[in-house]
file model_21.cif (mmCIF, C-alpha atoms and all ligand atoms)
data_data
#
loop_
_atom_site.group_PDB
_atom_site.id
_atom_site.type_symbol
_atom_site.label_atom_id
_atom_site.label_comp_id
_atom_site.auth_asym_id
_atom_site.auth_seq_id
_atom_site.Cartn_x
_atom_site.Cartn_y
_atom_site.Cartn_z
ATOM 1 C CA MET A 270 -4.689 1.006 -1.306
ATOM 2 C CA ILE A 271 -7.121 -0.749 -3.600
ATOM 3 C CA ILE A 272 -8.672 -0.112 -7.023
ATOM 4 C CA GLN A 273 -12.410 -0.551 -7.270
ATOM 5 C CA ASP A 274 -12.953 -3.134 -9.999
ATOM 6 C CA ASP A 275 -16.357 -1.830 -10.981
ATOM 7 C CA LEU A 276 -14.993 1.690 -11.587
ATOM 8 C CA CYS A 277 -11.728 0.873 -13.398
ATOM 9 C CA VAL A 278 -11.940 1.154 -17.206
ATOM 10 C CA GLY A 279 -8.504 -0.411 -17.756
ATOM 11 C CA CYS A 280 -6.904 2.635 -19.395
ATOM 12 C CA GLY A 281 -3.534 1.727 -17.816
ATOM 13 C CA GLU A 282 -2.576 5.352 -17.132
ATOM 14 C CA CYS A 283 -1.817 4.646 -13.484
ATOM 15 C CA VAL A 284 0.632 1.776 -13.978
ATOM 16 C CA ASP A 285 3.756 3.873 -14.520
ATOM 17 C CA ILE A 286 3.088 6.467 -11.840
ATOM 18 C CA CYS A 287 3.274 3.935 -9.007
ATOM 19 C CA PRO A 288 6.736 4.104 -7.333
ATOM 20 C CA GLY A 289 6.173 0.674 -5.861
ATOM 21 C CA GLY A 290 5.582 -1.087 -9.177
ATOM 22 C CA ALA A 291 2.472 -2.414 -7.472
ATOM 23 C CA ILE A 292 -0.177 -1.781 -10.166
ATOM 24 C CA HIS A 293 -0.774 -4.192 -13.029
ATOM 25 C CA LEU A 294 -3.590 -4.841 -15.486
ATOM 26 C CA GLN A 295 -5.339 -8.159 -15.005
ATOM 27 C CA GLU A 296 -5.229 -10.440 -18.028
ATOM 28 C CA ASP A 297 -8.816 -11.594 -17.822
ATOM 29 C CA SER A 298 -10.778 -8.440 -16.999
ATOM 30 C CA GLY A 299 -8.256 -5.803 -18.152
ATOM 31 C CA ALA A 300 -8.915 -3.881 -14.941
ATOM 32 C CA ALA A 301 -6.022 -2.570 -12.877
ATOM 33 C CA GLN A 302 -5.173 -4.287 -9.607
ATOM 34 C CA ILE A 303 -2.791 -3.412 -6.776
ATOM 35 C CA SER A 304 -0.479 -6.026 -5.285
ATOM 36 C CA GLN A 305 -0.948 -5.620 -1.537
ATOM 37 C CA GLN A 306 2.505 -7.106 -0.957
ATOM 38 C CA LEU A 307 4.206 -4.501 -3.182
ATOM 39 C CA CYS A 308 2.047 -1.462 -2.363
ATOM 40 C CA LEU A 309 3.991 1.077 -0.262
ATOM 41 C CA GLU A 310 0.883 2.987 0.864
ATOM 42 C CA CYS A 311 2.653 6.109 -0.435
ATOM 43 C CA ARG A 312 -0.569 7.714 -1.773
ATOM 44 C CA VAL A 313 1.129 8.884 -4.968
ATOM 45 C CA CYS A 314 -1.798 7.436 -6.944
ATOM 46 C CA ILE A 315 -4.221 9.572 -4.911
ATOM 47 C CA ARG A 316 -2.174 12.785 -5.161
ATOM 48 C CA TRP A 317 -1.624 12.157 -8.885
ATOM 49 C CA ASP A 318 -5.381 12.555 -9.288
ATOM 50 C CA GLY A 319 -5.226 11.251 -12.862
ATOM 51 C CA CYS A 320 -7.641 8.337 -12.763
ATOM 52 C CA PRO A 321 -10.558 9.209 -15.062
ATOM 53 C CA THR A 322 -13.036 7.357 -12.858
ATOM 54 C CA ASN A 323 -11.567 7.958 -9.370
ATOM 55 C CA ALA A 324 -11.219 4.219 -8.934
ATOM 56 C CA PHE A 325 -8.566 4.370 -6.200
ATOM 57 C CA GLN A 326 -9.811 3.821 -2.684
ATOM 58 C CA GLU A 327 -7.693 4.151 0.440
ATOM 59 C CA GLU A 328 -8.158 3.187 4.048
ATOM 60 C CA ASN A 329 -8.056 6.285 6.232
ATOM 61 C CA SER A 330 -6.457 4.446 9.078
ATOM 62 C CA LEU A 331 -4.163 1.557 8.241
ATOM 63 C CA PRO A 332 -3.909 -1.312 10.750
ATOM 64 C CA TRP A 333 -0.647 -2.120 12.491
ATOM 65 C CA PRO A 334 1.914 -3.123 11.227
ATOM 66 C CA ARG A 335 0.881 -2.059 7.726
ATOM 67 C CA SER A 336 0.695 1.520 8.999
ATOM 68 C CA VAL A 337 4.506 1.761 9.018
ATOM 69 C CA ARG A 338 4.450 1.636 5.206
ATOM 70 C CA ARG A 339 2.776 5.026 5.069
ATOM 71 C CA VAL A 340 5.129 6.626 7.600
ATOM 72 C CA PHE A 341 8.167 5.747 5.503
ATOM 73 C CA SER A 342 6.615 6.204 2.068
ATOM 74 C CA ASP A 343 4.243 9.155 2.132
ATOM 75 C CA PRO A 344 6.324 12.332 2.586
ATOM 76 C CA VAL A 345 3.372 14.350 3.872
ATOM 77 C CA THR A 346 2.589 11.901 6.669
ATOM 78 C CA THR A 347 3.809 13.039 10.064
ATOM 79 C CA PHE A 348 5.360 10.433 12.314
ATOM 80 C CA GLU A 349 3.552 10.679 15.648
ATOM 81 C CA GLU A 350 6.490 10.047 17.992
ATOM 82 C CA THR A 351 8.887 12.499 16.329
ATOM 83 C CA THR A 352 6.244 14.923 14.944
ATOM 84 C CA VAL A 353 8.301 15.091 11.759
ATOM 85 C CA SER A 354 7.037 14.379 8.255
ATOM 86 C CA GLY A 355 9.037 12.819 5.442
ATOM 87 C CA ARG A 356 10.314 9.533 6.864
ATOM 88 C CA GLY A 357 9.923 10.890 10.372
ATOM 89 C CA THR A 358 13.391 12.269 10.980
ATOM 90 C CA GLU A 359 14.972 15.683 10.609
ATOM 91 C CA GLU A 360 18.099 13.873 9.471
ATOM 92 C CA MET A 361 21.736 14.778 9.439
ATOM 93 C CA LYS A 362 21.248 18.006 7.523
ATOM 94 C CA THR A 363 19.938 19.625 10.717
ATOM 95 C CA ASN A 364 23.058 18.806 12.704
ATOM 96 C CA ASP A 365 24.293 22.326 13.374
ATOM 97 C CA VAL A 366 20.962 23.050 15.103
ATOM 98 C CA THR A 367 20.044 19.685 16.631
ATOM 99 C CA HIS A 368 23.613 18.608 17.586
ATOM 100 C CA ARG A 369 22.650 14.986 17.264
ATOM 101 C CA PHE A 370 26.185 14.172 16.087
ATOM 102 C CA PRO A 371 28.439 16.087 18.523
ATOM 103 C CA PRO A 372 32.141 16.882 18.043
ATOM 104 C CA GLY A 373 34.321 13.874 18.860
ATOM 105 C CA SER A 374 31.899 11.439 17.268
ATOM 106 C CA TYR A 375 30.720 10.819 13.731
ATOM 107 C CA GLY A 376 27.258 10.336 12.372
ATOM 108 C CA LEU A 377 26.329 7.627 9.907
ATOM 109 C CA SER A 378 23.125 7.761 7.915
ATOM 110 C CA ILE A 379 22.129 4.759 5.869
ATOM 111 C CA ASP A 380 19.447 5.568 3.338
ATOM 112 C CA VAL A 381 17.831 2.245 2.435
ATOM 113 C CA GLY A 382 15.684 1.922 -0.713
ATOM 114 C CA ARG A 383 14.667 4.386 -3.434
ATOM 115 C CA PRO A 384 11.508 5.102 -5.454
ATOM 116 C CA ASN A 385 10.814 2.218 -7.854
ATOM 117 C CA VAL A 386 13.072 -0.025 -5.797
ATOM 118 C CA GLY A 387 11.647 0.146 -2.269
ATOM 119 C CA ALA A 388 12.963 -1.723 0.738
ATOM 120 C CA TYR A 389 11.687 -4.375 3.083
ATOM 121 C CA LEU A 390 12.247 -3.587 6.745
ATOM 122 C CA ARG A 391 13.909 -7.008 7.108
ATOM 123 C CA ASP A 392 16.820 -5.519 5.140
ATOM 124 C CA VAL A 393 16.882 -2.486 7.427
ATOM 125 C CA ASP A 394 16.989 -4.960 10.335
ATOM 126 C CA LYS A 395 20.101 -6.627 8.885
ATOM 127 C CA ILE A 396 21.814 -3.240 8.701
ATOM 128 C CA THR A 397 20.892 -2.124 12.229
ATOM 129 C CA ARG A 398 22.061 -5.454 13.683
ATOM 130 C CA VAL A 399 25.565 -5.190 12.220
ATOM 131 C CA LEU A 400 25.809 -1.548 13.220
ATOM 132 C CA ALA A 401 24.866 -2.492 16.796
ATOM 133 C CA GLU A 402 27.622 -5.116 16.797
ATOM 134 C CA ALA A 403 30.058 -2.393 15.749
ATOM 135 C CA GLY A 404 28.970 -0.349 18.777
ATOM 136 C CA ALA A 405 26.745 2.226 17.044
ATOM 137 C CA ASP A 406 24.415 4.344 19.154
ATOM 138 C CA PHE A 407 21.120 4.798 17.275
ATOM 139 C CA SER A 408 19.375 8.178 17.064
ATOM 140 C CA ARG A 409 16.320 8.149 19.329
ATOM 141 C CA ASN A 410 14.430 10.753 17.346
ATOM 142 C CA ASN A 411 13.989 8.491 14.345
ATOM 143 C CA PRO A 412 11.140 6.072 13.492
ATOM 144 C CA ILE A 413 13.575 3.192 13.040
ATOM 145 C CA PHE A 414 14.541 3.481 16.704
ATOM 146 C CA THR A 415 10.901 3.260 17.779
ATOM 147 C CA LEU A 416 10.535 0.008 15.808
ATOM 148 C CA MET A 417 13.399 -1.621 17.713
ATOM 149 C CA THR A 418 12.614 -4.193 20.382
ATOM 150 C CA ASP A 419 16.269 -4.334 21.441
ATOM 151 C CA PRO A 420 18.304 -1.211 20.534
ATOM 152 C CA GLU A 421 21.448 -2.742 22.082
ATOM 153 C CA LYS A 422 21.306 -5.479 19.443
ATOM 154 C CA GLY A 423 19.690 -3.351 16.733
ATOM 155 C CA CYS A 424 16.719 -5.749 16.449
ATOM 156 C CA LEU A 425 13.532 -4.465 14.820
ATOM 157 C CA SER A 426 10.174 -5.870 15.905
ATOM 158 C CA SER A 427 9.501 -9.141 14.076
ATOM 159 C CA GLU A 428 6.011 -7.774 13.310
ATOM 160 C CA VAL A 429 7.336 -5.203 10.825
ATOM 161 C CA LEU A 430 10.025 -7.179 8.989
ATOM 162 C CA ASN A 431 7.822 -8.009 5.986
ATOM 163 C CA GLU A 432 6.576 -4.457 5.560
ATOM 164 C CA ARG A 433 7.749 -2.781 2.347
ATOM 165 C CA VAL A 434 8.528 0.953 2.340
ATOM 166 C CA LEU A 435 9.751 3.507 -0.184
ATOM 167 C CA SER A 436 12.881 4.179 1.834
ATOM 168 C CA ALA A 437 14.034 4.454 5.431
ATOM 169 C CA VAL A 438 16.922 6.301 7.035
ATOM 170 C CA VAL A 439 18.959 4.657 9.772
ATOM 171 C CA GLU A 440 20.910 7.200 11.807
ATOM 172 C CA CYS A 441 23.533 6.465 14.419
ATOM 173 C CA THR A 442 26.624 7.818 16.092
ATOM 174 C CA VAL A 443 29.985 6.085 16.233
ATOM 175 C CA THR A 444 33.263 7.015 17.870
ATOM 176 C CA PRO A 445 36.325 7.454 15.644
ATOM 177 C CA ASP A 446 37.564 4.048 16.890
ATOM 178 C CA GLN A 447 34.299 2.354 15.923
ATOM 179 C CA LEU A 448 34.062 3.929 12.469
ATOM 180 C CA PRO A 449 36.298 1.476 10.489
ATOM 181 C CA ASP A 450 34.493 -1.533 11.932
ATOM 182 C CA ALA A 451 31.067 -0.016 11.244
ATOM 183 C CA ILE A 452 31.949 0.659 7.609
ATOM 184 C CA ARG A 453 33.471 -2.797 7.146
ATOM 185 C CA CYS A 454 30.309 -4.398 8.588
ATOM 186 C CA LEU A 455 28.155 -2.408 6.169
ATOM 187 C CA GLN A 456 30.320 -3.434 3.229
ATOM 188 C CA ASP A 457 30.034 -7.091 4.275
ATOM 189 C CA ILE A 458 26.281 -7.051 4.823
ATOM 190 C CA SER A 459 25.648 -5.211 1.539
ATOM 191 C CA ARG A 460 25.856 -8.574 -0.269
ATOM 192 C CA GLU A 461 22.808 -9.774 1.656
ATOM 193 C CA ILE A 462 20.678 -6.668 1.170
ATOM 194 C CA ASP A 463 18.001 -6.981 -1.483
ATOM 195 C CA THR A 464 17.817 -3.283 -2.340
ATOM 196 C CA VAL A 465 20.073 -0.253 -2.738
ATOM 197 C CA PHE A 466 21.436 1.785 0.135
ATOM 198 C CA SER A 467 23.761 4.738 0.446
ATOM 199 C CA LEU A 468 26.010 5.664 3.332
ATOM 200 C CA GLY A 469 26.204 9.227 4.588
ATOM 201 C CA PHE A 470 29.111 10.274 6.802
ATOM 202 C CA ILE A 471 28.436 13.249 9.065
ATOM 203 C CA ALA A 472 31.115 15.268 10.810
ATOM 204 C CA ASN A 473 30.457 18.304 12.929
ATOM 205 C CA VAL A 474 31.225 21.481 10.998
ATOM 206 C CA THR A 475 34.051 22.375 13.441
ATOM 207 C CA GLU A 476 35.907 19.210 12.410
ATOM 208 C CA LEU A 477 36.014 20.356 8.811
ATOM 209 C CA ARG A 478 38.841 22.654 9.925
ATOM 210 C CA ASP A 479 41.050 19.580 9.849
ATOM 211 C CA ARG A 480 39.732 18.296 6.582
ATOM 212 C CA GLU A 481 42.820 16.269 5.699
ATOM 213 C CA ALA A 482 42.587 14.261 8.925
ATOM 214 C CA LEU A 483 38.983 13.415 8.068
ATOM 215 C CA HIS A 484 39.956 12.407 4.549
ATOM 216 C CA ASP A 485 42.728 10.176 5.877
ATOM 217 C CA LEU A 486 40.305 8.504 8.253
ATOM 218 C CA LEU A 487 37.859 7.772 5.442
ATOM 219 C CA ARG A 488 40.625 6.528 3.151
ATOM 220 C CA GLU A 489 41.687 4.102 5.875
ATOM 221 C CA CYS A 490 38.131 2.778 5.718
ATOM 222 C CA GLY A 491 38.455 2.294 1.960
ATOM 223 C CA ILE A 492 36.347 5.327 1.040
ATOM 224 C CA GLY A 493 37.745 8.019 -1.236
ATOM 225 C CA ALA A 494 36.931 11.543 -0.077
ATOM 226 C CA GLU A 495 36.582 14.683 -2.170
ATOM 227 C CA ASN A 496 36.687 18.285 -1.069
ATOM 228 C CA SER A 497 33.267 18.946 -2.516
ATOM 229 C CA ALA A 498 30.553 18.184 -0.024
ATOM 230 C CA LYS A 499 26.956 19.035 0.651
ATOM 231 C CA ILE A 500 26.717 21.474 3.537
ATOM 232 C CA ASN A 501 23.392 22.300 5.166
ATOM 233 C CA VAL A 502 23.346 25.148 7.624
ATOM 234 C CA GLY A 503 20.501 26.344 9.808
ATOM 235 C CA LEU A 504 17.895 23.703 9.037
ATOM 236 C CA GLY A 505 15.872 21.928 11.686
ATOM 237 C CA ARG A 506 14.626 22.440 15.211
ATOM 238 C CA LYS A 507 16.293 21.718 18.506
ATOM 239 C CA GLU A 508 15.482 18.185 19.647
ATOM 240 C CA PRO A 509 13.355 17.958 22.792
HETATM 241 S S1 LIG B 1 -6.137 5.136 -14.159
HETATM 242 FE FE1 LIG B 1 -8.021 4.462 -13.146
HETATM 243 S S2 LIG B 1 -9.284 3.655 -14.783
HETATM 244 FE FE2 LIG B 1 -7.212 3.773 -15.599
HETATM 245 S S3 LIG B 1 -6.348 1.706 -15.173
HETATM 246 FE FE3 LIG B 1 -5.810 3.022 -13.454
HETATM 247 S S4 LIG B 1 -7.444 2.654 -11.960
HETATM 248 FE FE4 LIG B 1 -8.180 1.909 -13.924
HETATM 249 S S1 LIG B 2 -0.225 3.795 -2.665
HETATM 250 FE FE1 LIG B 2 1.730 4.069 -3.770
HETATM 251 S S2 LIG B 2 2.543 2.005 -3.983
HETATM 252 FE FE2 LIG B 2 0.361 1.787 -3.484
HETATM 253 S S3 LIG B 2 -0.661 1.666 -5.455
HETATM 254 FE FE3 LIG B 2 -0.683 3.823 -4.867
HETATM 255 S S4 LIG B 2 1.141 4.693 -5.852
HETATM 256 FE FE4 LIG B 2 1.392 2.450 -5.844
#
call {"tool": "encode", "arguments": {"input": "model_21.cif", "output": "structure tokens"}}
result
Amino acid sequence: MIIQDDLCVGCGECVDICPGGAIHLQEDSGAAQISQQLCLECRVCIRWDGCPTNAFQEENSLPWPRSVRRVFSDPVTTFEETTVSGRGTEEMKTNDVTHRFPPGSYGLSIDVGRPNVGAYLRDVDKITRVLAEAGADFSRNNPIFTLMTDPEKGCLSSEVLNERVLSAVVECTVTPDQLPDAIRCLQDISREIDTVFSLGFIANVTELRDREALHDLLRECGIGAENSAKINVGLGRKEP
């Protein structure tokens, strides 16, 4: 995304609407400018439609690897390989339809980055590498998987590591035996991650019948569990 210098009148209205913190007013000219390193290609500035002079100009087709920024940052962009919009994955909330986390295993979803914070894919790479060491099996129907050059080791393509996105969701399956190690690895690596991330734990709805056993398992991993939980039923489509 760029701002056309000759159209910008320096009103500053756009600065605060950018979730990437990428827009600033230049000291000399007073015109707004977009940091290409920080820009997420989220298109919020276009959808906002508040620039009095329509000074924003976007490239219709972003070159690789910059194009991954839009996939993970613009919720109305559809990811080609998964045909899903909004970070390209139908996520854990579709589990009762997609069965991506079957009984006898647990799903982990790691939501990396937030609006106004963002995330570099090099931090996602650190997370997928430690999860791979813990034995995690990554969800195929997720853009992060398609960016991996070595899914066994959780390595993302070196070409994308410096790309900045609004947020990305890593999804994987672990066995009950692998779960404590996976959580410990995430706790350890969190000190090296230069953004925020949250950990989602997904159990098949049938396993909620033995809720106490699940709680005990999580407590053993150092995570307190409450009886309140978010339950999504009936969302999603069957995976091909
Ligand atoms: S809203 Fe438009 S005119 Fe105002 S600073 Fe931003 S780009 Fe310039
Ligand atoms: S595309 Fe998004 S990150 Fe880039 S300048 Fe516009 S609002 Fe900011």
call {"tool": "residues_near_ligand", "arguments": {"input": "model_21.cif", "ligand": "ligand LIG 2 (chain B)", "cutoff": "10 Å", "atoms": "only C-alpha atoms and all ligand atoms", "output": "number ranges by chain"}}
result
A: 270-272, 283-293, 302-317, 325-327, 338-339, 342-343, 384-385, 387, 433-435
call {"tool": "write_last_selection", "arguments": {"input": "model_21.cif", "atoms": "C-alpha atoms", "output": "mmCIF file, keeping the file's coordinate frame"}}
result
data_model
loop_
_atom_site.group_PDB
_atom_site.id
_atom_site.type_symbol
_atom_site.label_atom_id
_atom_site.label_comp_id
_atom_site.auth_asym_id
_atom_site.auth_seq_id
_atom_site.Cartn_x
_atom_site.Cartn_y
_atom_site.Cartn_z
ATOM 1 C CA MET A 270 -4.689 1.006 -1.306
ATOM 2 C CA ILE A 271 -7.121 -0.749 -3.600
ATOM 3 C CA ILE A 272 -8.672 -0.112 -7.023
ATOM 4 C CA CYS A 283 -1.817 4.646 -13.484
ATOM 5 C CA VAL A 284 0.632 1.776 -13.978
ATOM 6 C CA ASP A 285 3.756 3.873 -14.520
ATOM 7 C CA ILE A 286 3.088 6.467 -11.840
ATOM 8 C CA CYS A 287 3.274 3.935 -9.007
ATOM 9 C CA PRO A 288 6.736 4.104 -7.333
ATOM 10 C CA GLY A 289 6.173 0.674 -5.861
ATOM 11 C CA GLY A 290 5.582 -1.087 -9.177
ATOM 12 C CA ALA A 291 2.472 -2.414 -7.472
ATOM 13 C CA ILE A 292 -0.177 -1.781 -10.166
ATOM 14 C CA HIS A 293 -0.774 -4.192 -13.029
ATOM 15 C CA GLN A 302 -5.173 -4.287 -9.607
ATOM 16 C CA ILE A 303 -2.791 -3.412 -6.776
ATOM 17 C CA SER A 304 -0.479 -6.026 -5.285
ATOM 18 C CA GLN A 305 -0.948 -5.620 -1.537
ATOM 19 C CA GLN A 306 2.505 -7.106 -0.957
ATOM 20 C CA LEU A 307 4.206 -4.501 -3.182
ATOM 21 C CA CYS A 308 2.047 -1.462 -2.363
ATOM 22 C CA LEU A 309 3.991 1.077 -0.262
ATOM 23 C CA GLU A 310 0.883 2.987 0.864
ATOM 24 C CA CYS A 311 2.653 6.109 -0.435
ATOM 25 C CA ARG A 312 -0.569 7.714 -1.773
ATOM 26 C CA VAL A 313 1.129 8.884 -4.968
ATOM 27 C CA CYS A 314 -1.798 7.436 -6.944
ATOM 28 C CA ILE A 315 -4.221 9.572 -4.911
ATOM 29 C CA ARG A 316 -2.174 12.785 -5.161
ATOM 30 C CA TRP A 317 -1.624 12.157 -8.885
ATOM 31 C CA PHE A 325 -8.566 4.370 -6.200
ATOM 32 C CA GLN A 326 -9.811 3.821 -2.684
ATOM 33 C CA GLU A 327 -7.693 4.151 0.440
ATOM 34 C CA ARG A 338 4.450 1.636 5.206
ATOM 35 C CA ARG A 339 2.776 5.026 5.069
ATOM 36 C CA SER A 342 6.615 6.204 2.068
ATOM 37 C CA ASP A 343 4.243 9.155 2.132
ATOM 38 C CA PRO A 384 11.508 5.102 -5.454
ATOM 39 C CA ASN A 385 10.814 2.218 -7.854
ATOM 40 C CA GLY A 387 11.647 0.146 -2.269
ATOM 41 C CA ARG A 433 7.749 -2.781 2.347
ATOM 42 C CA VAL A 434 8.528 0.953 2.340
ATOM 43 C CA LEU A 435 9.751 3.507 -0.184
#
call {"tool": "residues_around", "arguments": {"input": "model_21.cif", "residues": "segment 418-426 of chain A", "least_positions_apart": "3", "cutoff": "12 Å", "atoms": "only C-alpha atoms", "output": "compact mmCIF listing (two decimals) with C-alpha atoms, in the frame of the given file"}}
result
# COMPACT_ATOMS: atom_id res chain seq x y z
CA TRP A 333 -0.65 -2.12 12.49
CA PRO A 334 1.91 -3.12 11.23
CA VAL A 337 4.51 1.76 9.02
CA TYR A 389 11.69 -4.38 3.08
CA LEU A 390 12.25 -3.59 6.74
CA ARG A 391 13.91 -7.01 7.11
CA ASP A 392 16.82 -5.52 5.14
CA VAL A 393 16.88 -2.49 7.43
CA ASP A 394 16.99 -4.96 10.34
CA LYS A 395 20.10 -6.63 8.88
CA ILE A 396 21.81 -3.24 8.70
CA THR A 397 20.89 -2.12 12.23
CA ARG A 398 22.06 -5.45 13.68
CA VAL A 399 25.56 -5.19 12.22
CA LEU A 400 25.81 -1.55 13.22
CA ALA A 401 24.87 -2.49 16.80
CA GLU A 402 27.62 -5.12 16.80
CA ALA A 403 30.06 -2.39 15.75
CA GLY A 404 28.97 -0.35 18.78
CA ALA A 405 26.74 2.23 17.04
CA ASP A 406 24.42 4.34 19.15
CA PHE A 407 21.12 4.80 17.27
CA SER A 408 19.38 8.18 17.06
CA ARG A 409 16.32 8.15 19.33
CA PRO A 412 11.14 6.07 13.49
CA ILE A 413 13.58 3.19 13.04
CA PHE A 414 14.54 3.48 16.70
CA THR A 415 10.90 3.26 17.78
CA VAL A 429 7.34 -5.20 10.82
CA LEU A 430 10.02 -7.18 8.99
CA ASN A 431 7.82 -8.01 5.99
CA GLU A 432 6.58 -4.46 5.56
CA VAL A 439 18.96 4.66 9.77
CA GLU A 440 20.91 7.20 11.81
CA CYS A 441 23.53 6.46 14.42
call {"tool": "closest_atom_pairs", "arguments": {"input": "model_21.cif", "of": "chain A", "to": "ligand LIG 1 (chain B)", "cutoff": "7 Å", "atoms": "only C-alpha atoms and all ligand atoms", "output": "Markdown table"}}
result
| residue | atom | partner | partner_atom | distance |
| --- | --- | --- | --- | --- |
| A:Ile272 | CA | B:LIG1 | S4 | 5.8 |
| A:Leu276 | CA | B:LIG1 | S2 | 6.8 |
| A:Cys277 | CA | B:LIG1 | FE4 | 3.7 |
| A:Val278 | CA | B:LIG1 | S2 | 4.4 |
| A:Gly279 | CA | B:LIG1 | S3 | 4.0 |
| A:Cys280 | CA | B:LIG1 | FE2 | 4.0 |
| A:Gly281 | CA | B:LIG1 | S3 | 3.9 |
| A:Glu282 | CA | B:LIG1 | S1 | 4.6 |
| A:Cys283 | CA | B:LIG1 | FE3 | 4.3 |
| A:Val284 | CA | B:LIG1 | FE3 | 6.6 |
| A:Ala300 | CA | B:LIG1 | FE4 | 5.9 |
| A:Ala301 | CA | B:LIG1 | S3 | 4.9 |
| A:Gly319 | CA | B:LIG1 | S1 | 6.3 |
| A:Cys320 | CA | B:LIG1 | S1 | 3.8 |
| A:Pro321 | CA | B:LIG1 | S2 | 5.7 |
| A:Thr322 | CA | B:LIG1 | S2 | 5.6 |
| A:Asn323 | CA | B:LIG1 | FE1 | 6.2 |
| A:Ala324 | CA | B:LIG1 | S4 | 5.1 |
| A:Phe325 | CA | B:LIG1 | S4 | 6.1 |
call {"tool": "residues_near_point", "arguments": {"input": "model_21.cif", "point": "(-7.3, 10.0, 7.4)", "cutoff": "12 Å", "atoms": "all atoms listed in the file", "output": "PyMOL selection string"}}
result
chain A and resi 312+327-331+336+339+346-347
call {"tool": "write_last_selection", "arguments": {"input": "model_21.cif", "atoms": "C-alpha atoms", "output": "mmCIF file, in the coordinates of the input"}}
result
data_model
loop_
_atom_site.group_PDB
_atom_site.id
_atom_site.type_symbol
_atom_site.label_atom_id
_atom_site.label_comp_id
_atom_site.auth_asym_id
_atom_site.auth_seq_id
_atom_site.Cartn_x
_atom_site.Cartn_y
_atom_site.Cartn_z
ATOM 1 C CA ARG A 312 -0.569 7.714 -1.773
ATOM 2 C CA GLU A 327 -7.693 4.151 0.440
ATOM 3 C CA GLU A 328 -8.158 3.187 4.048
ATOM 4 C CA ASN A 329 -8.056 6.285 6.232
ATOM 5 C CA SER A 330 -6.457 4.446 9.078
ATOM 6 C CA LEU A 331 -4.163 1.557 8.241
ATOM 7 C CA SER A 336 0.695 1.520 8.999
ATOM 8 C CA ARG A 339 2.776 5.026 5.069
ATOM 9 C CA THR A 346 2.589 11.901 6.669
ATOM 10 C CA THR A 347 3.809 13.039 10.064
#
call {"tool": "resolve_selection", "arguments": {"input": "model_21.cif", "expression": "the PyMOL selection byres (((chain A and resi 464-480) around 8) and not hetatm)", "output": "list in words"}}
result
Met361, Asn364, Asp365, Phe370, Pro371, Pro372, Ser374, Tyr375, Gly376, Leu377, Ser378, Ile379, Asp380, Val381, Gly382, Arg383, Val386, Gly387, Ala388, Asp392, Ile462, Asp463, Glu481, Ala482, Leu483 and His484 of chain A
call {"tool": "write_last_selection", "arguments": {"input": "model_21.cif", "atoms": "C-alpha atoms", "output": "short mmCIF file (atom, residue, chain, number, x, y, z; two decimals), in the coordinates of the input"}}
result
data_model
loop_
_atom_site.label_atom_id
_atom_site.label_comp_id
_atom_site.auth_asym_id
_atom_site.auth_seq_id
_atom_site.Cartn_x
_atom_site.Cartn_y
_atom_site.Cartn_z
CA MET A 361 21.74 14.78 9.44
CA ASN A 364 23.06 18.81 12.70
CA ASP A 365 24.29 22.33 13.37
CA PHE A 370 26.18 14.17 16.09
CA PRO A 371 28.44 16.09 18.52
CA PRO A 372 32.14 16.88 18.04
CA SER A 374 31.90 11.44 17.27
CA TYR A 375 30.72 10.82 13.73
CA GLY A 376 27.26 10.34 12.37
CA LEU A 377 26.33 7.63 9.91
CA SER A 378 23.12 7.76 7.92
CA ILE A 379 22.13 4.76 5.87
CA ASP A 380 19.45 5.57 3.34
CA VAL A 381 17.83 2.24 2.44
CA GLY A 382 15.68 1.92 -0.71
CA ARG A 383 14.67 4.39 -3.43
CA VAL A 386 13.07 -0.02 -5.80
CA GLY A 387 11.65 0.15 -2.27
CA ALA A 388 12.96 -1.72 0.74
CA ASP A 392 16.82 -5.52 5.14
CA ILE A 462 20.68 -6.67 1.17
CA ASP A 463 18.00 -6.98 -1.48
CA GLU A 481 42.82 16.27 5.70
CA ALA A 482 42.59 14.26 8.93
CA LEU A 483 38.98 13.42 8.07
CA HIS A 484 39.96 12.41 4.55
#
call {"tool": "axis_aligned_box", "arguments": {"input": "model_21.cif", "around": "segment 390-404 of chain A", "padding_each_side": "6 Å", "output": "lines of an AutoDock Vina configuration file"}}
result
center_x = 21.2
center_y = -3.7
center_z = 12.0
size_x = 29.8
size_y = 18.7
size_z = 25.6
call {"tool": "closest_residue", "arguments": {"input": "model_21.cif", "among": "A:Gly493, A:Pro332, A:Pro344, A:Gly299", "to": "Ser436 of chain A", "atoms": "only C-alpha atoms"}}
result
A:Pro344
call {"tool": "atom_distance", "arguments": {"input": "model_21.cif", "atom1": "atom CA of Val340 of chain A", "atom2": "atom CA of Val438 of chain A"}}
result
11.8 Å
